[in-house]
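Undergrad: Here it is, the structure in full.
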Amino acid sequence: MKKTKIFFDTEFTGLHHNTTLISIGLIAETGETFYAELTDYDKSQIDDWIRDNVIDNLLIKENSTVGLDYPNTRIVTGATPSVKLYLTEWIAKFGEVEMWSDCLSYDWVLFNRIFGHAFSIPGNVYYIPFDICTMFKLSGIDPDINREVFSEYKGETKKHNALHDAIVIKACFDKMSKPQSKKI
């Protein structure tokens, strides 16, 4: 049975073991999107870089949604248990899914943390995640390449916004997955 690919990204309070999730963005290969901002992240971990590059790029400001360039997106905000319910419902509609991220070291751990731990993720989610960094490396492309440039992304740039980054991850995957034309 074919699994639906879901591309996702997270924003969090820093590259350390006590990090907490600020937001998560997902886009299915069908184009449907989900975006959540969590209200229970550890605000004491916010430094200037996180404030300027992540918090300032959140889509929900003062109880009103901004970033209307994301049509047909399920947008939610709340504490982790609430986000878990909405995310579980959204993922369920795709049947069997496999999760794809950029550099998934933190993303996968934080995705699992939403559900409590790895054995509590939705049953339709394949337990092995995948990442485009490995695809880049195996394709002979520098894994540190600028994702927007590589994918030729034409939308508004909101780097370090989880939904934007998930959309760019999907665009990179799509470009790398296209059959290359053979020269005659």
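Ligands are numbered from 1 in the order shown, residues from 1 within each chain, and chains are lettered A, B, ... in the order they appear in the structure tokens.
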Run DSSP on the backbone and give me the residues of stretch 37-110 of chain A it puts in alpha helix (DSSP H), as a ChimeraX atom specification.
TA: /A:48-53,80-92,104-110
Undergrad: Stretch 143-154 of chain A: which residues within 7 Å, counting only C-alpha atoms, same-chain residues fewer than 5 positions away excluded, as a list in words?
TA: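 The filter keeps Cys133, Phe136, Lys137, Val168, Ala171, Cys172 and Lys175 of chain A.
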Undergrad: Kindly export the residues of the current selection with all heavy atoms, as a short mmCIF file (atom, residue, chain, number, x, y, z; two decimals), in the first residue's frame.
TA:
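Contents of result28.cif, as written:
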```
data_model
loop_
_atom_site.label_atom_id
_atom_site.label_comp_id
_atom_site.auth_asym_id
_atom_site.auth_seq_id
_atom_site.Cartn_x
_atom_site.Cartn_y
_atom_site.Cartn_z
N CYS A 133 18.14 15.81 3.77
CA CYS A 133 19.60 15.96 3.86
C CYS A 133 20.29 14.71 3.31
O CYS A 133 21.27 14.81 2.58
CB CYS A 133 20.04 16.18 5.31
SG CYS A 133 19.83 17.87 5.85
N PHE A 136 19.97 14.72 -0.43
CA PHE A 136 20.96 15.60 -1.03
C PHE A 136 22.32 14.90 -1.11
O PHE A 136 22.95 14.86 -2.16
CB PHE A 136 21.12 16.90 -0.21
CG PHE A 136 20.07 17.94 -0.46
CD1 PHE A 136 19.39 18.52 0.59
CD2 PHE A 136 19.77 18.37 -1.75
CE1 PHE A 136 18.43 19.50 0.37
CE2 PHE A 136 18.81 19.34 -1.98
CZ PHE A 136 18.13 19.91 -0.92
N LYS A 137 22.76 14.35 -0.01
CA LYS A 137 24.07 13.70 0.07
C LYS A 137 24.17 12.57 -0.95
O LYS A 137 25.15 12.45 -1.68
CB LYS A 137 24.32 13.19 1.50
CG LYS A 137 25.64 12.53 1.71
CD LYS A 137 26.73 13.54 1.81
CE LYS A 137 28.03 12.87 2.25
NZ LYS A 137 29.16 13.78 2.11
N VAL A 168 9.00 24.29 1.71
CA VAL A 168 10.28 24.29 0.98
C VAL A 168 10.90 22.89 0.98
O VAL A 168 11.46 22.45 -0.03
CB VAL A 168 11.25 25.35 1.54
CG1 VAL A 168 12.63 25.24 0.93
CG2 VAL A 168 10.68 26.75 1.29
N ALA A 171 9.19 21.04 -1.66
CA ALA A 171 9.65 21.51 -2.98
C ALA A 171 11.02 20.92 -3.32
O ALA A 171 11.26 20.53 -4.48
CB ALA A 171 9.70 23.04 -3.01
N CYS A 172 11.91 20.82 -2.35
CA CYS A 172 13.22 20.19 -2.58
C CYS A 172 13.05 18.72 -2.93
O CYS A 172 13.66 18.21 -3.88
CB CYS A 172 14.11 20.34 -1.36
SG CYS A 172 14.71 22.01 -1.06
N LYS A 175 11.69 18.32 -6.45
CA LYS A 175 12.70 18.58 -7.47
C LYS A 175 13.68 17.41 -7.58
O LYS A 175 14.03 16.99 -8.69
CB LYS A 175 13.46 19.88 -7.17
CG LYS A 175 14.48 20.21 -8.25
CD LYS A 175 15.10 21.57 -8.05
CE LYS A 175 16.10 21.87 -9.16
NZ LYS A 175 16.68 23.20 -9.01
#
```
Undergrad: Using only C-alpha atoms, can you tell me which of A:Ala28, A:Ile6, A:Ile114, A:Ile91 comes closest to A:Tyr41?
TA: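 Comparing A:Ala28, A:Ile6, A:Ile114, A:Ile91 against A:Tyr41, the winner is A:Ile114.
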Undergrad: Of the residues A:Asp47, A:Glu96, A:Asp131, A:Glu29, which is the one nearest to A:Leu15, using only C-alpha atoms?
TA: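 Closest to A:Leu15 of all the choices is A:Asp47.
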Undergrad: Using only C-alpha atoms, which residues sit within 12 Å of A:Ser105 once same-chain residues fewer than 2 positions away are excluded, as a list of chain:residue names?
TA: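 Result of the neighbour search: A:Asp9, A:Thr10, A:Leu15, A:His16, A:His17, A:Trp100, A:Ser101, A:Asp102, A:Cys103, A:Asp107, A:Trp108, A:Val109, A:Leu110, A:Phe111, A:Asn112, A:Pro129, A:Phe130, A:Asp131, A:Cys133.
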Undergrad: So which residues touch A:Leu58 within 12 Å, counting only C-alpha atoms, skipping near sequence neighbours fewer than 2 positions away, as a PyMOL selection string?
TA: chain A and resi 10-12+22-25+35-39+50-56+60-67+75-77+158-164
Undergrad: Determine the nearest neighbour of A:Arg74 from the options A:Ala92, A:Met135, A:Leu26, A:Ile121, counting only C-alpha atoms.
TA: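 Looking at the shortest contact to A:Arg74, the residue is A:Leu26.
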Undergrad: Would you kindly return, as JSON, numbers by chain, each protein, DNA or RNA residue with an atom no farther than 6 Å from any atom of A:Lys170, considering only C-alpha atoms and excluding same-chain residues fewer than 3 positions away?
TA: {"A": [7, 167, 173]}
Undergrad: With only C-alpha atoms as the atoms that count, which of A:Arg113, A:Met1, A:Thr19, A:Tyr86 lies nearest to A:Glu98?
TA: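 Ranked by minimum distance to A:Glu98, first place goes to A:Met1.
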Undergrad: Looking only at strand (DSSP E) from DSSP on the backbone, list the matching residues of stretch 86-172 of chain A as a list of chain:residue names.
TA: A:Val97, A:Glu98, A:Met99, A:Trp100, A:Ser101, A:Phe130, A:Asp131
Undergrad: Export, as a PDB file, in the first residue's frame, the selected residues with all heavy atoms.
TA:
```pdb
ATOM      1  N   VAL A  97       0.943   6.966   6.450  1.00  0.00           N
ATOM      2  CA  VAL A  97       1.808   8.090   6.091  1.00  0.00           C
ATOM      3  C   VAL A  97       3.255   7.801   6.469  1.00  0.00           C
ATOM      4  O   VAL A  97       3.535   7.015   7.376  1.00  0.00           O
ATOM      5  CB  VAL A  97       1.371   9.421   6.758  1.00  0.00           C
ATOM      6  CG1 VAL A  97      -0.033   9.799   6.362  1.00  0.00           C
ATOM      7  CG2 VAL A  97       1.507   9.366   8.261  1.00  0.00           C
ATOM      8  N   GLU A  98       4.164   8.441   5.719  1.00  0.00           N
ATOM      9  CA  GLU A  98       5.568   8.465   6.114  1.00  0.00           C
ATOM     10  C   GLU A  98       5.957   9.924   6.271  1.00  0.00           C
ATOM     11  O   GLU A  98       5.506  10.786   5.522  1.00  0.00           O
ATOM     12  CB  GLU A  98       6.471   7.717   5.128  1.00  0.00           C
ATOM     13  CG  GLU A  98       6.459   8.204   3.720  1.00  0.00           C
ATOM     14  CD  GLU A  98       7.331   7.385   2.776  1.00  0.00           C
ATOM     15  OE1 GLU A  98       7.334   6.131   2.870  1.00  0.00           O
ATOM     16  OE2 GLU A  98       8.014   7.996   1.946  1.00  0.00           O
ATOM     17  N   MET A  99       6.766  10.169   7.281  1.00  0.00           N
ATOM     18  CA  MET A  99       7.133  11.534   7.644  1.00  0.00           C
ATOM     19  C   MET A  99       8.508  11.875   7.064  1.00  0.00           C
ATOM     20  O   MET A  99       9.450  11.085   7.168  1.00  0.00           O
ATOM     21  CB  MET A  99       7.156  11.683   9.166  1.00  0.00           C
ATOM     22  CG  MET A  99       5.830  11.358   9.851  1.00  0.00           C
ATOM     23  SD  MET A  99       4.454  12.410   9.349  1.00  0.00           S
ATOM     24  CE  MET A  99       4.960  13.964  10.078  1.00  0.00           C
ATOM     25  N   TRP A 100       8.599  13.076   6.476  1.00  0.00           N
ATOM     26  CA  TRP A 100       9.820  13.584   5.865  1.00  0.00           C
ATOM     27  C   TRP A 100      10.139  14.945   6.455  1.00  0.00           C
ATOM     28  O   TRP A 100       9.254  15.781   6.595  1.00  0.00           O
ATOM     29  CB  TRP A 100       9.638  13.735   4.355  1.00  0.00           C
ATOM     30  CG  TRP A 100       9.700  12.451   3.626  1.00  0.00           C
ATOM     31  CD1 TRP A 100       8.709  11.514   3.495  1.00  0.00           C
ATOM     32  CD2 TRP A 100      10.825  11.943   2.915  1.00  0.00           C
ATOM     33  NE1 TRP A 100       9.151  10.467   2.747  1.00  0.00           N
ATOM     34  CE2 TRP A 100      10.445  10.701   2.374  1.00  0.00           C
ATOM     35  CE3 TRP A 100      12.117  12.429   2.681  1.00  0.00           C
ATOM     36  CZ2 TRP A 100      11.315   9.927   1.611  1.00  0.00           C
ATOM     37  CZ3 TRP A 100      12.979  11.664   1.916  1.00  0.00           C
ATOM     38  CH2 TRP A 100      12.576  10.424   1.395  1.00  0.00           C
ATOM     39  N   SER A 101      11.400  15.166   6.765  1.00  0.00           N
ATOM     40  CA  SER A 101      11.831  16.456   7.278  1.00  0.00           C
ATOM     41  C   SER A 101      13.127  16.861   6.584  1.00  0.00           C
ATOM     42  O   SER A 101      13.555  16.221   5.627  1.00  0.00           O
ATOM     43  CB  SER A 101      12.017  16.375   8.795  1.00  0.00           C
ATOM     44  OG  SER A 101      12.229  17.656   9.339  1.00  0.00           O
ATOM     45  N   PHE A 130      12.125   9.999   7.426  1.00  0.00           N
ATOM     46  CA  PHE A 130      13.087  10.197   6.344  1.00  0.00           C
ATOM     47  C   PHE A 130      13.464  11.666   6.278  1.00  0.00           C
ATOM     48  O   PHE A 130      12.740  12.523   6.773  1.00  0.00           O
ATOM     49  CB  PHE A 130      12.481   9.744   5.014  1.00  0.00           C
ATOM     50  CG  PHE A 130      12.050   8.303   5.040  1.00  0.00           C
ATOM     51  CD1 PHE A 130      10.740   7.961   5.335  1.00  0.00           C
ATOM     52  CD2 PHE A 130      12.965   7.290   4.794  1.00  0.00           C
ATOM     53  CE1 PHE A 130      10.340   6.634   5.383  1.00  0.00           C
ATOM     54  CE2 PHE A 130      12.573   5.957   4.836  1.00  0.00           C
ATOM     55  CZ  PHE A 130      11.258   5.633   5.136  1.00  0.00           C
ATOM     56  N   ASP A 131      14.607  11.960   5.623  1.00  0.00           N
ATOM     57  CA  ASP A 131      15.028  13.358   5.541  1.00  0.00           C
ATOM     58  C   ASP A 131      15.650  13.680   4.188  1.00  0.00           C
ATOM     59  O   ASP A 131      16.219  12.808   3.534  1.00  0.00           O
ATOM     60  CB  ASP A 131      15.993  13.704   6.679  1.00  0.00           C
ATOM     61  CG  ASP A 131      17.307  12.979   6.558  1.00  0.00           C
ATOM     62  OD1 ASP A 131      17.407  11.840   7.047  1.00  0.00           O
ATOM     63  OD2 ASP A 131      18.241  13.545   5.964  1.00  0.00           O
TER      64      ASP A 131
END
```
Undergrad: Find the residue from A:Ile128, A:Leu104, A:Ile169, A:Ile27 that sits nearest to A:Leu87; use only C-alpha atoms when measuring.
TA: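 Going through A:Ile128, A:Leu104, A:Ile169, A:Ile27 one by one, the smallest distance to A:Leu87 is for A:Ile27.
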Undergrad: Rounded to one decimal, what separation in Å do you get between atom CA of A:Tyr127 and atom CA of A:Ala79?
TA: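 Atom CA of A:Ala79 lies at a distance of 24.3 Å from atom CA of A:Tyr127.
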